[in-house]
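Note sheet for the following structure.
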Amino acid sequence: MRRVRTDLVFRPGRVAGRLGLRDIGPQSDEAGHRHATWLELFLDVIFVYALAAVTARLGNDPTPAPSAVAAVGGLFVVIQWAWVGQVYYDTRFDPDDAPHRVLVLVALVGAGTMTLGVDEVPESVLLPVGYLIVRGVLLVLYLRARPTSPQARTVTTVYLTGFGAGWLIWSASLVVPARHRPALWIVAMIIELAAPWIGRRRLDKWPVDNRHLPERIGQFTIIVLGSALASLLFAVPDHPRPHMILTAGIAFLVPAAIWWIYTTFVTTHLVASRLRGGQAYSYLHVPLDGALLVLGWALGQVVRLVDDDAGRVPPELRLLMAGSVVVWMLCGLALYWLWSPPNALRLAITGYGVASVSLIAVTVREPRLLLFLLAAAIVGYAVLLTRRLNRAGRESQDVAEG
């Protein structure tokens, strides 16, 4: 797939050359597939801390208020969408000339500002200021790329229009009372999320890189799983007793099984030829990754209850845990559907997963037993689904070779 080189319009110049920032395009493998650059991976680092800050808003109360859960969900969407916007630019344009590096470093400062502002939303302006920096950098990058080809003008029109409108609303939120800011942020995010979908026909004319986009989205999902593991590990006390080590090990089986399923799905490349503009693929990862983030926090709370010798898990926590797992399973089914309508076996596997987790959450209250049964159910789900995904991958490969 052809990508536009932005250095056709802007060159680093003599000063950049002396600083060692000459034009360096992204590296591809022998098959010509685009992979993540070192700069992209460097940008990911700050989002690790951003996700930790989002999770920290839930605190250690095993019965969080619905408003707190909703706030965490909204903040997660803002953080992930700020990251996704950069990915869509990188997947279509060569991203590694000197001006691009400088601009992305500015975006990294904006992401850090967002991270600092998560804890004080909505009173502090750090979150909106950080988002304005991140999104403003992206708008400048699209303006740089716009003159490079008619194809680039078609794509950049969609993003400059939608993201530009969102940027103006985020800017307006800085001058209104703190209690009204979230309403403006919601409006801005709706506009930004809707823009690529409304303009999908334009975007589909220049499909995303079918290896780079899943790789980058997958890397963010791995970051989310890492945050979930951190929530679990921080719940284990210092100098844990043997039964706590065993409890943490059982809880670990849940994110481990999820990782196993997800990496199997991504490496089979089932949806590689059906990504087009990539909207459905990336949008499905918003609830999927959000559910995994909340699930990690919930697992940590159950481990804390075991350490406190609590006799029961509050129904709010059981509902949150089961809901997170069910959302993850249904999003996984929808991602599979991008490749092919699921057959009876695939639907049966999902039905087993949803039913077993829901039944466990409703009927089991004792923390240790809840963790054990939940881990057993999800590991069983992973075994069944991995076998199906591997078979589907072989079938898809046979069709491609045939």
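Each chain in the structure tokens gets a letter, A, B and so on, in the order shown; residues start at 1 in every chain, and ligands are counted from 1 in the order they appear.
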With a distance cut-off of 10 Å and only C-alpha atoms, select the neighbouring residues of Tyr49 in chain A, excluding the residue or stretch itself and same-chain residues fewer than 2 positions from it, and output the selection as a PyMOL selection string.
chain A and resi 44-47+51-55+111-112+115-116+223+227
d(CA of Phe163 in chain A, CA of Glu215 in chain A) in Å
23.7 Å
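Taking only C-alpha atoms into account, Val294 in chain A lies nearest to A:Phe76 out of the set A:Phe42, A:Phe265, A:Phe76, A:Trp167.
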Just checking: using only C-alpha atoms, which residue out of A:Val271, A:Arg391, A:Arg304, A:Ala322 ends up closest to Ala334 in chain A?
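Closest residue, counting only C-alpha atoms: A:Val271.
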Range 183-199 of chain A environment, 7 Å, only C-alpha atoms, sequence neighbours closer than 2 positions dropped, as a PyMOL selection string
chain A and resi 158+162-163+166+169-170+173+180-181+201-203+279
Writing out the chosen residues with N, CA and C atoms as a tab-separated table (two decimals), in the first residue's frame:
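Just written: part.tsv:
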```
chain	number	residue	atom	x	y	z
A	158	VAL	N	-11.68	14.89	6.21
A	158	VAL	CA	-12.53	14.27	7.22
A	158	VAL	C	-12.02	14.59	8.62
A	162	GLY	N	-13.83	17.13	11.44
A	162	GLY	CA	-14.37	16.58	12.69
A	162	GLY	C	-13.53	16.91	13.90
A	163	PHE	N	-12.21	16.67	13.80
A	163	PHE	CA	-11.35	16.93	14.94
A	163	PHE	C	-11.20	18.43	15.19
A	166	GLY	N	-14.23	19.47	17.16
A	166	GLY	CA	-14.05	19.02	18.54
A	166	GLY	C	-13.05	19.87	19.29
A	169	ILE	N	-14.60	23.05	20.55
A	169	ILE	CA	-15.48	22.86	21.71
A	169	ILE	C	-14.65	22.61	22.97
A	170	TRP	N	-13.58	21.81	22.85
A	170	TRP	CA	-12.68	21.63	23.99
A	170	TRP	C	-12.10	22.98	24.44
A	173	SER	N	-14.52	24.93	26.51
A	173	SER	CA	-14.74	24.42	27.87
A	173	SER	C	-13.81	25.07	28.89
A	180	HIS	N	-19.91	22.70	34.23
A	180	HIS	CA	-20.46	22.57	32.87
A	180	HIS	C	-19.46	21.97	31.89
A	181	ARG	N	-18.22	21.84	32.28
A	181	ARG	CA	-17.19	21.35	31.34
A	181	ARG	C	-17.46	19.95	30.82
A	201	ARG	N	-16.71	6.58	3.79
A	201	ARG	CA	-16.56	6.33	2.36
A	201	ARG	C	-15.33	7.02	1.81
A	202	ARG	N	-15.07	8.22	2.30
A	202	ARG	CA	-13.85	8.90	1.89
A	202	ARG	C	-12.62	8.18	2.42
A	203	LEU	N	-12.68	7.78	3.69
A	203	LEU	CA	-11.53	7.13	4.30
A	203	LEU	C	-11.27	5.75	3.70
A	279	GLN	N	-12.51	1.75	10.89
A	279	GLN	CA	-13.38	2.33	11.92
A	279	GLN	C	-13.96	1.27	12.84
```
Among A:Leu319, A:Gln219, A:Arg312, A:Asp209, Glu366 in chain A is approached most closely, using only C-alpha atoms, by A:Arg312
So, counting only C-alpha atoms, which residue among A:Asp204, A:Asp96, A:Glu316, A:Asp289 is closest to Gly277 in chain A?
A:Asp204
What separates CA of Ala355 in chain A and CA of Tyr281 in chain A is a distance of 25.4 Å
Please identify which residues in range 107-330 of chain A DSSP calls helix (DSSP H, G or I) from the backbone, and express them as a VMD selection string.
chain A and resid 107 to 120 126 to 148 150 to 175 178 to 198 200 to 204 212 to 234 242 to 267 272 to 274 279 to 307 315 to 330
Each residue of range 333-392 of chain A lying at most 9 Å from range 235-253 of chain A should get a row with its shortest atom-to-atom pair and the distance in Å to one decimal, counting only C-alpha atoms; could you produce that, ordered by chain and increasing number, as a tab-separated table?
```
residue	atom	partner	partner_atom	distance
A:Arg368	CA	A:Thr247	CA	7.0
A:Leu371	CA	A:Ala251	CA	6.1
A:Phe372	CA	A:Ile250	CA	6.3
A:Leu374	CA	A:Ala251	CA	8.6
A:Ala375	CA	A:Leu253	CA	5.9
A:Ala376	CA	A:Leu253	CA	8.4
A:Ile378	CA	A:Leu253	CA	8.3
A:Val379	CA	A:Leu253	CA	7.2
```
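Using only C-alpha atoms, the nearest neighbour of Ile261 in chain A within the list A:Gly332, A:Pro177, A:Gly74, A:Pro207 is A:Gly332.
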When you count only C-alpha atoms, which of these residues is closest to Leu369 in chain A: A:Leu384, A:Leu233, A:Val302, A:Ala348?
A:Val302
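Using only C-alpha atoms, the contacts of Val208 in chain A at a cut-off of 7 Å, with sequence neighbours closer than 2 positions omitted, comprise Thr91, Arg92, Trp206, Asn210, Leu213, Arg276, Gly277 and Gly278 of chain A.
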Limited to N, CA, C and O atoms, could you put the picked residues into a file as a PDB file, in the first residue's frame?
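And here is the file that came out, out_1.pdb:
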```
ATOM      1  N   THR A  91      -0.564   5.454  10.408  1.00  0.00           N
ATOM      2  CA  THR A  91      -0.774   4.286   9.557  1.00  0.00           C
ATOM      3  C   THR A  91      -0.907   4.654   8.083  1.00  0.00           C
ATOM      4  O   THR A  91      -0.781   3.801   7.217  1.00  0.00           O
ATOM      5  N   ARG A  92      -1.145   5.948   7.786  1.00  0.00           N
ATOM      6  CA  ARG A  92      -1.297   6.361   6.393  1.00  0.00           C
ATOM      7  C   ARG A  92      -0.123   7.185   5.873  1.00  0.00           C
ATOM      8  O   ARG A  92       0.082   7.264   4.658  1.00  0.00           O
ATOM      9  N   TRP A 206      -8.738   5.174   0.941  1.00  0.00           N
ATOM     10  CA  TRP A 206      -7.320   4.977   1.290  1.00  0.00           C
ATOM     11  C   TRP A 206      -7.282   4.074   2.513  1.00  0.00           C
ATOM     12  O   TRP A 206      -7.222   4.531   3.639  1.00  0.00           O
ATOM     13  N   ASN A 210      -2.996  -2.829   6.803  1.00  0.00           N
ATOM     14  CA  ASN A 210      -3.691  -3.937   7.460  1.00  0.00           C
ATOM     15  C   ASN A 210      -2.812  -4.735   8.418  1.00  0.00           C
ATOM     16  O   ASN A 210      -3.295  -5.680   9.050  1.00  0.00           O
ATOM     17  N   LEU A 213      -2.133  -1.162  11.681  1.00  0.00           N
ATOM     18  CA  LEU A 213      -3.225  -0.765  12.572  1.00  0.00           C
ATOM     19  C   LEU A 213      -3.532  -1.838  13.617  1.00  0.00           C
ATOM     20  O   LEU A 213      -3.582  -1.529  14.817  1.00  0.00           O
ATOM     21  N   ARG A 276     -10.395  -2.004   5.681  1.00  0.00           N
ATOM     22  CA  ARG A 276     -10.733  -0.789   4.928  1.00  0.00           C
ATOM     23  C   ARG A 276     -10.259   0.443   5.708  1.00  0.00           C
ATOM     24  O   ARG A 276      -9.079   0.590   5.955  1.00  0.00           O
ATOM     25  N   GLY A 277     -11.188   1.304   6.135  1.00  0.00           N
ATOM     26  CA  GLY A 277     -10.788   2.490   6.890  1.00  0.00           C
ATOM     27  C   GLY A 277     -10.487   2.212   8.340  1.00  0.00           C
ATOM     28  O   GLY A 277      -9.999   3.095   9.049  1.00  0.00           O
ATOM     29  N   GLY A 278     -10.802   1.013   8.820  1.00  0.00           N
ATOM     30  CA  GLY A 278     -10.454   0.609  10.175  1.00  0.00           C
ATOM     31  C   GLY A 278     -11.388   1.084  11.260  1.00  0.00           C
ATOM     32  O   GLY A 278     -11.144   0.856  12.446  1.00  0.00           O
TER      33      GLY A 278
END
```
So how far away is CA of Asp61 in chain A from CA of Gly130 in chain A, in Å?
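About the pair CA of Gly130 in chain A and CA of Asp61 in chain A: they are 28.7 Å apart.
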